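*Asks:* Just one file: run.txt, with compact mmCIF, N, CA and C atoms.
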# COMPACT_ATOMS: atom_id res chain seq x y z
N MET C 273 0.85 -1.18 0.00
CA MET C 273 0.00 0.00 0.00
C MET C 273 0.89 1.24 0.00
N ASN C 274 0.60 2.13 -0.89
CA ASN C 274 1.36 3.37 -0.98
C ASN C 274 0.61 4.47 -0.24
N HIS C 275 1.24 5.03 0.77
CA HIS C 275 0.62 6.11 1.54
C HIS C 275 1.65 7.20 1.72
N HIS C 276 1.21 8.44 1.68
CA HIS C 276 2.16 9.54 1.79
C HIS C 276 2.77 9.57 3.18
N VAL C 277 3.95 10.13 3.24
CA VAL C 277 4.71 10.19 4.48
C VAL C 277 4.38 11.47 5.22
N HIS C 278 4.23 11.35 6.51
CA HIS C 278 3.99 12.53 7.35
C HIS C 278 5.32 12.93 7.97
N SER C 279 5.66 14.19 7.84
CA SER C 279 6.87 14.66 8.49
C SER C 279 6.52 15.83 9.39
N HIS C 280 7.11 15.83 10.52
CA HIS C 280 6.86 16.88 11.48
C HIS C 280 8.20 17.38 11.99
N ASN C 281 8.33 18.67 12.04
CA ASN C 281 9.58 19.29 12.46
C ASN C 281 9.55 19.49 13.97
N HIS C 282 10.45 18.82 14.67
CA HIS C 282 10.50 18.91 16.12
C HIS C 282 11.79 19.57 16.57
N ASN C 283 12.10 20.70 15.99
CA ASN C 283 13.35 21.37 16.37
C ASN C 283 13.11 22.38 17.49
N GLN C 284 14.15 23.00 17.97
CA GLN C 284 14.07 23.94 19.08
C GLN C 284 13.19 25.13 18.74
N LYS C 285 13.23 25.59 17.51
CA LYS C 285 12.42 26.74 17.11
C LYS C 285 10.94 26.47 17.38
N ASN C 286 10.49 25.26 17.07
CA ASN C 286 9.10 24.88 17.30
C ASN C 286 8.76 24.91 18.79
N ASN C 287 9.71 24.58 19.64
CA ASN C 287 9.49 24.59 21.08
C ASN C 287 9.35 26.00 21.62
N ASP C 288 9.82 26.99 20.89
CA ASP C 288 9.75 28.38 21.33
C ASP C 288 8.41 29.03 20.98
N LEU C 289 7.57 28.33 20.25
CA LEU C 289 6.29 28.88 19.87
C LEU C 289 5.33 28.87 21.06
N SER C 290 4.47 29.86 21.11
CA SER C 290 3.44 29.88 22.15
C SER C 290 2.38 28.82 21.82
N LEU C 291 1.57 28.51 22.79
CA LEU C 291 0.49 27.54 22.56
C LEU C 291 -0.43 28.04 21.44
N LYS C 292 -0.72 29.32 21.42
CA LYS C 292 -1.56 29.91 20.38
C LYS C 292 -0.93 29.70 19.00
N GLU C 293 0.37 29.93 18.90
CA GLU C 293 1.07 29.75 17.62
C GLU C 293 1.09 28.28 17.21
N LYS C 294 1.31 27.39 18.18
CA LYS C 294 1.32 25.96 17.87
C LYS C 294 -0.05 25.50 17.40
N LEU C 295 -1.10 25.91 18.13
CA LEU C 295 -2.45 25.53 17.73
C LEU C 295 -2.80 26.06 16.35
N SER C 296 -2.45 27.29 16.08
CA SER C 296 -2.72 27.89 14.78
C SER C 296 -2.03 27.08 13.67
N SER C 297 -0.79 26.74 13.91
CA SER C 297 -0.03 25.97 12.93
C SER C 297 -0.63 24.57 12.75
N LEU C 298 -0.98 23.92 13.85
CA LEU C 298 -1.58 22.59 13.77
C LEU C 298 -2.92 22.62 13.06
N LEU C 299 -3.75 23.57 13.40
CA LEU C 299 -5.07 23.67 12.76
C LEU C 299 -4.93 23.83 11.25
N GLN C 300 -4.03 24.71 10.82
CA GLN C 300 -3.84 24.90 9.38
C GLN C 300 -3.30 23.62 8.73
N HIS C 301 -2.39 22.96 9.41
CA HIS C 301 -1.84 21.70 8.90
C HIS C 301 -2.95 20.66 8.75
N TRP C 302 -3.80 20.54 9.76
CA TRP C 302 -4.89 19.55 9.71
C TRP C 302 -5.88 19.88 8.59
N ILE C 303 -6.18 21.15 8.40
CA ILE C 303 -7.08 21.56 7.31
C ILE C 303 -6.49 21.14 5.97
N ASP C 304 -5.23 21.51 5.75
CA ASP C 304 -4.57 21.18 4.49
C ASP C 304 -4.50 19.66 4.28
N HIS C 305 -4.18 18.96 5.34
CA HIS C 305 -4.06 17.51 5.29
C HIS C 305 -5.41 16.87 4.95
N ASN C 306 -6.47 17.37 5.57
CA ASN C 306 -7.80 16.84 5.30
C ASN C 306 -8.23 17.10 3.87
N VAL C 307 -7.88 18.25 3.33
CA VAL C 307 -8.20 18.55 1.93
C VAL C 307 -7.54 17.52 1.02
N SER C 308 -6.30 17.19 1.32
CA SER C 308 -5.58 16.19 0.54
C SER C 308 -6.27 14.83 0.62
N HIS C 309 -6.68 14.46 1.81
CA HIS C 309 -7.38 13.18 1.97
C HIS C 309 -8.72 13.19 1.23
N LYS C 310 -9.46 14.28 1.32
CA LYS C 310 -10.75 14.35 0.64
C LYS C 310 -10.56 14.17 -0.87
N GLU C 311 -9.56 14.81 -1.42
CA GLU C 311 -9.28 14.66 -2.85
C GLU C 311 -9.02 13.20 -3.21
N SER C 312 -8.31 12.52 -2.33
CA SER C 312 -8.02 11.10 -2.55
C SER C 312 -9.30 10.27 -2.48
N TYR C 313 -10.16 10.53 -1.48
CA TYR C 313 -11.42 9.80 -1.37
C TYR C 313 -12.25 9.95 -2.64
N LEU C 314 -12.34 11.19 -3.13
CA LEU C 314 -13.17 11.44 -4.31
C LEU C 314 -12.56 10.85 -5.57
N SER C 315 -11.25 10.84 -5.64
CA SER C 315 -10.58 10.20 -6.77
C SER C 315 -10.88 8.70 -6.80
N TRP C 316 -10.81 8.08 -5.64
CA TRP C 316 -11.11 6.65 -5.56
C TRP C 316 -12.59 6.38 -5.76
N ALA C 317 -13.43 7.30 -5.35
CA ALA C 317 -14.87 7.15 -5.60
C ALA C 317 -15.13 7.13 -7.10
N ALA C 318 -14.46 8.00 -7.83
CA ALA C 318 -14.63 8.04 -9.29
C ALA C 318 -14.17 6.72 -9.93
N LYS C 319 -13.06 6.18 -9.43
CA LYS C 319 -12.57 4.90 -9.95
C LYS C 319 -13.56 3.79 -9.64
N ALA C 320 -14.09 3.80 -8.41
CA ALA C 320 -15.05 2.78 -8.00
C ALA C 320 -16.33 2.87 -8.83
N GLU C 321 -16.73 4.11 -9.15
CA GLU C 321 -17.94 4.31 -9.95
C GLU C 321 -17.79 3.69 -11.34
N LYS C 322 -16.61 3.82 -11.91
CA LYS C 322 -16.36 3.24 -13.25
C LYS C 322 -16.50 1.72 -13.24
N GLU C 323 -16.27 1.13 -12.06
CA GLU C 323 -16.37 -0.33 -11.93
C GLU C 323 -17.70 -0.77 -11.30
N ASN C 324 -18.64 0.17 -11.22
CA ASN C 324 -19.98 -0.10 -10.71
C ASN C 324 -20.02 -0.54 -9.24
N PHE C 325 -19.14 0.00 -8.43
CA PHE C 325 -19.15 -0.24 -6.99
C PHE C 325 -19.90 0.90 -6.31
N SER C 326 -21.19 1.03 -6.60
CA SER C 326 -21.96 2.18 -6.13
C SER C 326 -22.02 2.28 -4.62
N ASP C 327 -22.04 1.15 -3.93
CA ASP C 327 -22.08 1.19 -2.47
C ASP C 327 -20.78 1.77 -1.90
N ILE C 328 -19.68 1.49 -2.55
CA ILE C 328 -18.39 2.04 -2.12
C ILE C 328 -18.29 3.50 -2.47
N VAL C 329 -18.79 3.88 -3.64
CA VAL C 329 -18.81 5.28 -4.05
C VAL C 329 -19.51 6.12 -2.99
N SER C 330 -20.66 5.65 -2.56
CA SER C 330 -21.44 6.36 -1.55
C SER C 330 -20.64 6.54 -0.26
N CYS C 331 -19.97 5.51 0.18
CA CYS C 331 -19.17 5.59 1.42
C CYS C 331 -18.03 6.59 1.28
N LEU C 332 -17.34 6.55 0.15
CA LEU C 332 -16.21 7.47 -0.05
C LEU C 332 -16.69 8.92 -0.17
N GLU C 333 -17.81 9.11 -0.84
CA GLU C 333 -18.35 10.47 -0.94
C GLU C 333 -18.80 10.97 0.43
N GLN C 334 -19.38 10.09 1.23
CA GLN C 334 -19.78 10.46 2.59
C GLN C 334 -18.55 10.83 3.42
N ALA C 335 -17.46 10.09 3.26
CA ALA C 335 -16.22 10.41 3.97
C ALA C 335 -15.73 11.80 3.58
N GLY C 336 -15.85 12.14 2.31
CA GLY C 336 -15.47 13.47 1.84
C GLY C 336 -16.32 14.55 2.48
N GLN C 337 -17.63 14.31 2.59
CA GLN C 337 -18.52 15.27 3.21
C GLN C 337 -18.21 15.44 4.70
N LEU C 338 -17.91 14.34 5.36
CA LEU C 338 -17.54 14.41 6.78
C LEU C 338 -16.22 15.16 6.97
N THR C 339 -15.31 14.98 6.04
CA THR C 339 -14.05 15.70 6.08
C THR C 339 -14.29 17.20 5.99
N ASP C 340 -15.22 17.60 5.12
CA ASP C 340 -15.58 19.03 5.03
C ASP C 340 -16.12 19.54 6.36
N LYS C 341 -16.94 18.75 7.02
CA LYS C 341 -17.50 19.16 8.31
C LYS C 341 -16.41 19.30 9.37
N ILE C 342 -15.46 18.40 9.36
CA ILE C 342 -14.33 18.50 10.29
C ILE C 342 -13.56 19.78 10.02
N ASN C 343 -13.30 20.06 8.75
CA ASN C 343 -12.55 21.27 8.41
C ASN C 343 -13.30 22.54 8.79
N ILE C 344 -14.61 22.52 8.74
CA ILE C 344 -15.39 23.68 9.18
C ILE C 344 -15.10 23.96 10.65
N GLU C 345 -15.04 22.91 11.45
CA GLU C 345 -14.74 23.09 12.88
C GLU C 345 -13.31 23.59 13.09
N PHE C 346 -12.37 23.04 12.33
CA PHE C 346 -10.99 23.51 12.43
C PHE C 346 -10.89 24.97 12.01
N GLU C 347 -11.61 25.36 10.95
CA GLU C 347 -11.58 26.75 10.50
C GLU C 347 -12.19 27.69 11.53
N LYS C 348 -13.26 27.25 12.21
CA LYS C 348 -13.85 28.05 13.29
C LYS C 348 -12.81 28.27 14.39
N ALA C 349 -12.14 27.20 14.76
CA ALA C 349 -11.13 27.29 15.81
C ALA C 349 -9.99 28.21 15.38
N LEU C 350 -9.58 28.11 14.13
CA LEU C 350 -8.50 28.95 13.61
C LEU C 350 -8.89 30.43 13.65
N LYS C 351 -10.12 30.74 13.29
CA LYS C 351 -10.58 32.13 13.35
C LYS C 351 -10.59 32.65 14.79
N LYS C 352 -11.00 31.80 15.72
CA LYS C 352 -11.06 32.20 17.12
C LYS C 352 -9.67 32.46 17.72
N ILE C 353 -8.71 31.73 17.21
CA ILE C 353 -7.35 31.85 17.75
C ILE C 353 -6.56 32.98 17.10
N SER C 354 -7.00 33.42 15.94
CA SER C 354 -6.27 34.47 15.21
C SER C 354 -6.46 35.83 15.79
Starting from the file, give its structure as structure tokens.
*Replies:*
Amino acid sequence: MNHHVHSHNHNQKNNDLSLKEKLSSLLQHWIDHNVSHKESYLSWAAKAEKENFSDIVSCLEQAGQLTDKINIEFEKALKKIS
């Protein structure tokens, strides 16, 4: 299975950030990461649709919609912290 690699920078500079700065950075990272995953879900949904796996298409599309809902909450939090 091919899955993208997650890298996180744990250097001293990151330790000097305030909690507000860390949360802001994490929230933006999670939003961007979720967008990437949603694109993948929808890409696979399209492939599944071509092979008539309609039940799987529905599940993947639902996962994409749930990802949008998660990002809405992250965006609310990001606005509150800014």
*Asks:* Which residues come within 6 Å of region 326-335 of chain C, counting only N, CA and C atoms, excluding same-chain residues fewer than 2 positions away, as a PyMOL selection string?
*Replies:* chain C and resi 313-314+317+320-321+324+337-339
*Asks:* Could those residues be written to a file, using N, CA and C atoms, as a PDB file, keeping the file's coordinate frame?
*Replies:*
ATOM      1  N   TYR C 313     -10.160  10.530  -1.480  1.00  0.00           N
ATOM      2  CA  TYR C 313     -11.420   9.800  -1.370  1.00  0.00           C
ATOM      3  C   TYR C 313     -12.250   9.950  -2.640  1.00  0.00           C
ATOM      4  N   LEU C 314     -12.340  11.190  -3.130  1.00  0.00           N
ATOM      5  CA  LEU C 314     -13.170  11.440  -4.310  1.00  0.00           C
ATOM      6  C   LEU C 314     -12.560  10.850  -5.570  1.00  0.00           C
ATOM      7  N   ALA C 317     -13.430   7.300  -5.350  1.00  0.00           N
ATOM      8  CA  ALA C 317     -14.870   7.150  -5.600  1.00  0.00           C
ATOM      9  C   ALA C 317     -15.130   7.130  -7.100  1.00  0.00           C
ATOM     10  N   ALA C 320     -14.090   3.800  -8.410  1.00  0.00           N
ATOM     11  CA  ALA C 320     -15.050   2.780  -8.000  1.00  0.00           C
ATOM     12  C   ALA C 320     -16.330   2.870  -8.830  1.00  0.00           C
ATOM     13  N   GLU C 321     -16.730   4.110  -9.150  1.00  0.00           N
ATOM     14  CA  GLU C 321     -17.940   4.310  -9.950  1.00  0.00           C
ATOM     15  C   GLU C 321     -17.790   3.690 -11.340  1.00  0.00           C
ATOM     16  N   ASN C 324     -18.640   0.170 -11.220  1.00  0.00           N
ATOM     17  CA  ASN C 324     -19.980  -0.100 -10.710  1.00  0.00           C
ATOM     18  C   ASN C 324     -20.020  -0.540  -9.240  1.00  0.00           C
ATOM     19  N   GLN C 337     -17.630  14.310   2.590  1.00  0.00           N
ATOM     20  CA  GLN C 337     -18.520  15.270   3.210  1.00  0.00           C
ATOM     21  C   GLN C 337     -18.210  15.440   4.700  1.00  0.00           C
ATOM     22  N   LEU C 338     -17.910  14.340   5.360  1.00  0.00           N
ATOM     23  CA  LEU C 338     -17.540  14.410   6.780  1.00  0.00           C
ATOM     24  C   LEU C 338     -16.220  15.160   6.970  1.00  0.00           C
ATOM     25  N   THR C 339     -15.310  14.980   6.040  1.00  0.00           N
ATOM     26  CA  THR C 339     -14.050  15.700   6.080  1.00  0.00           C
ATOM     27  C   THR C 339     -14.290  17.200   5.990  1.00  0.00           C
TER      28      THR C 339
END
*Asks:* How many Å lie between atom C of Trp302 (chain C) and atom C of Asn343 (chain C), rounded to one decimal?
*Replies:*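 So the answer is 7.9 Å.
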*Asks:* CA of Phe346 (chain C) and atom C of Lys294 (chain C) are how many Å apart?
*Replies:* 12.2 Å
*Asks:* Please, what distance in Å, to one decimal, runs between CA of Ser354 (chain C) and CA of Asp288 (chain C)?
*Replies:*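 Computing the Euclidean distance for CA of Ser354 (chain C) and CA of Asp288 (chain C) yields 18.2 Å.
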*Asks:* So that I can see what lies close to Ala349 (chain C), please list as a PyMOL selection string the residues with an atom at most 12 Å from it, counting only C-alpha atoms and leaving out residues fewer than 5 positions away in the same chain.
*Replies:* chain C and resi 292+295-300+302-303+342-344+354
*Asks:* Calculate, to one decimal in Å, the centre and edge lengths of the box along x, y and z of the file that holds all listed atoms of region 322-332 of chain C with 6 Å of margin on each side, and present them as JSON.
*Replies:*
{"center_x": -19.1, "center_y": 4.1, "center_z": -5.9, "size_x": 17.9, "size_y": 21.7, "size_z": 26.7}
*Asks:* Can you tell me, as a VMD selection string, which residues in chain C count as helix (DSSP H, G or I) by DSSP?
*Replies:* chain C and resid 284 to 287 291 to 322 326 to 353
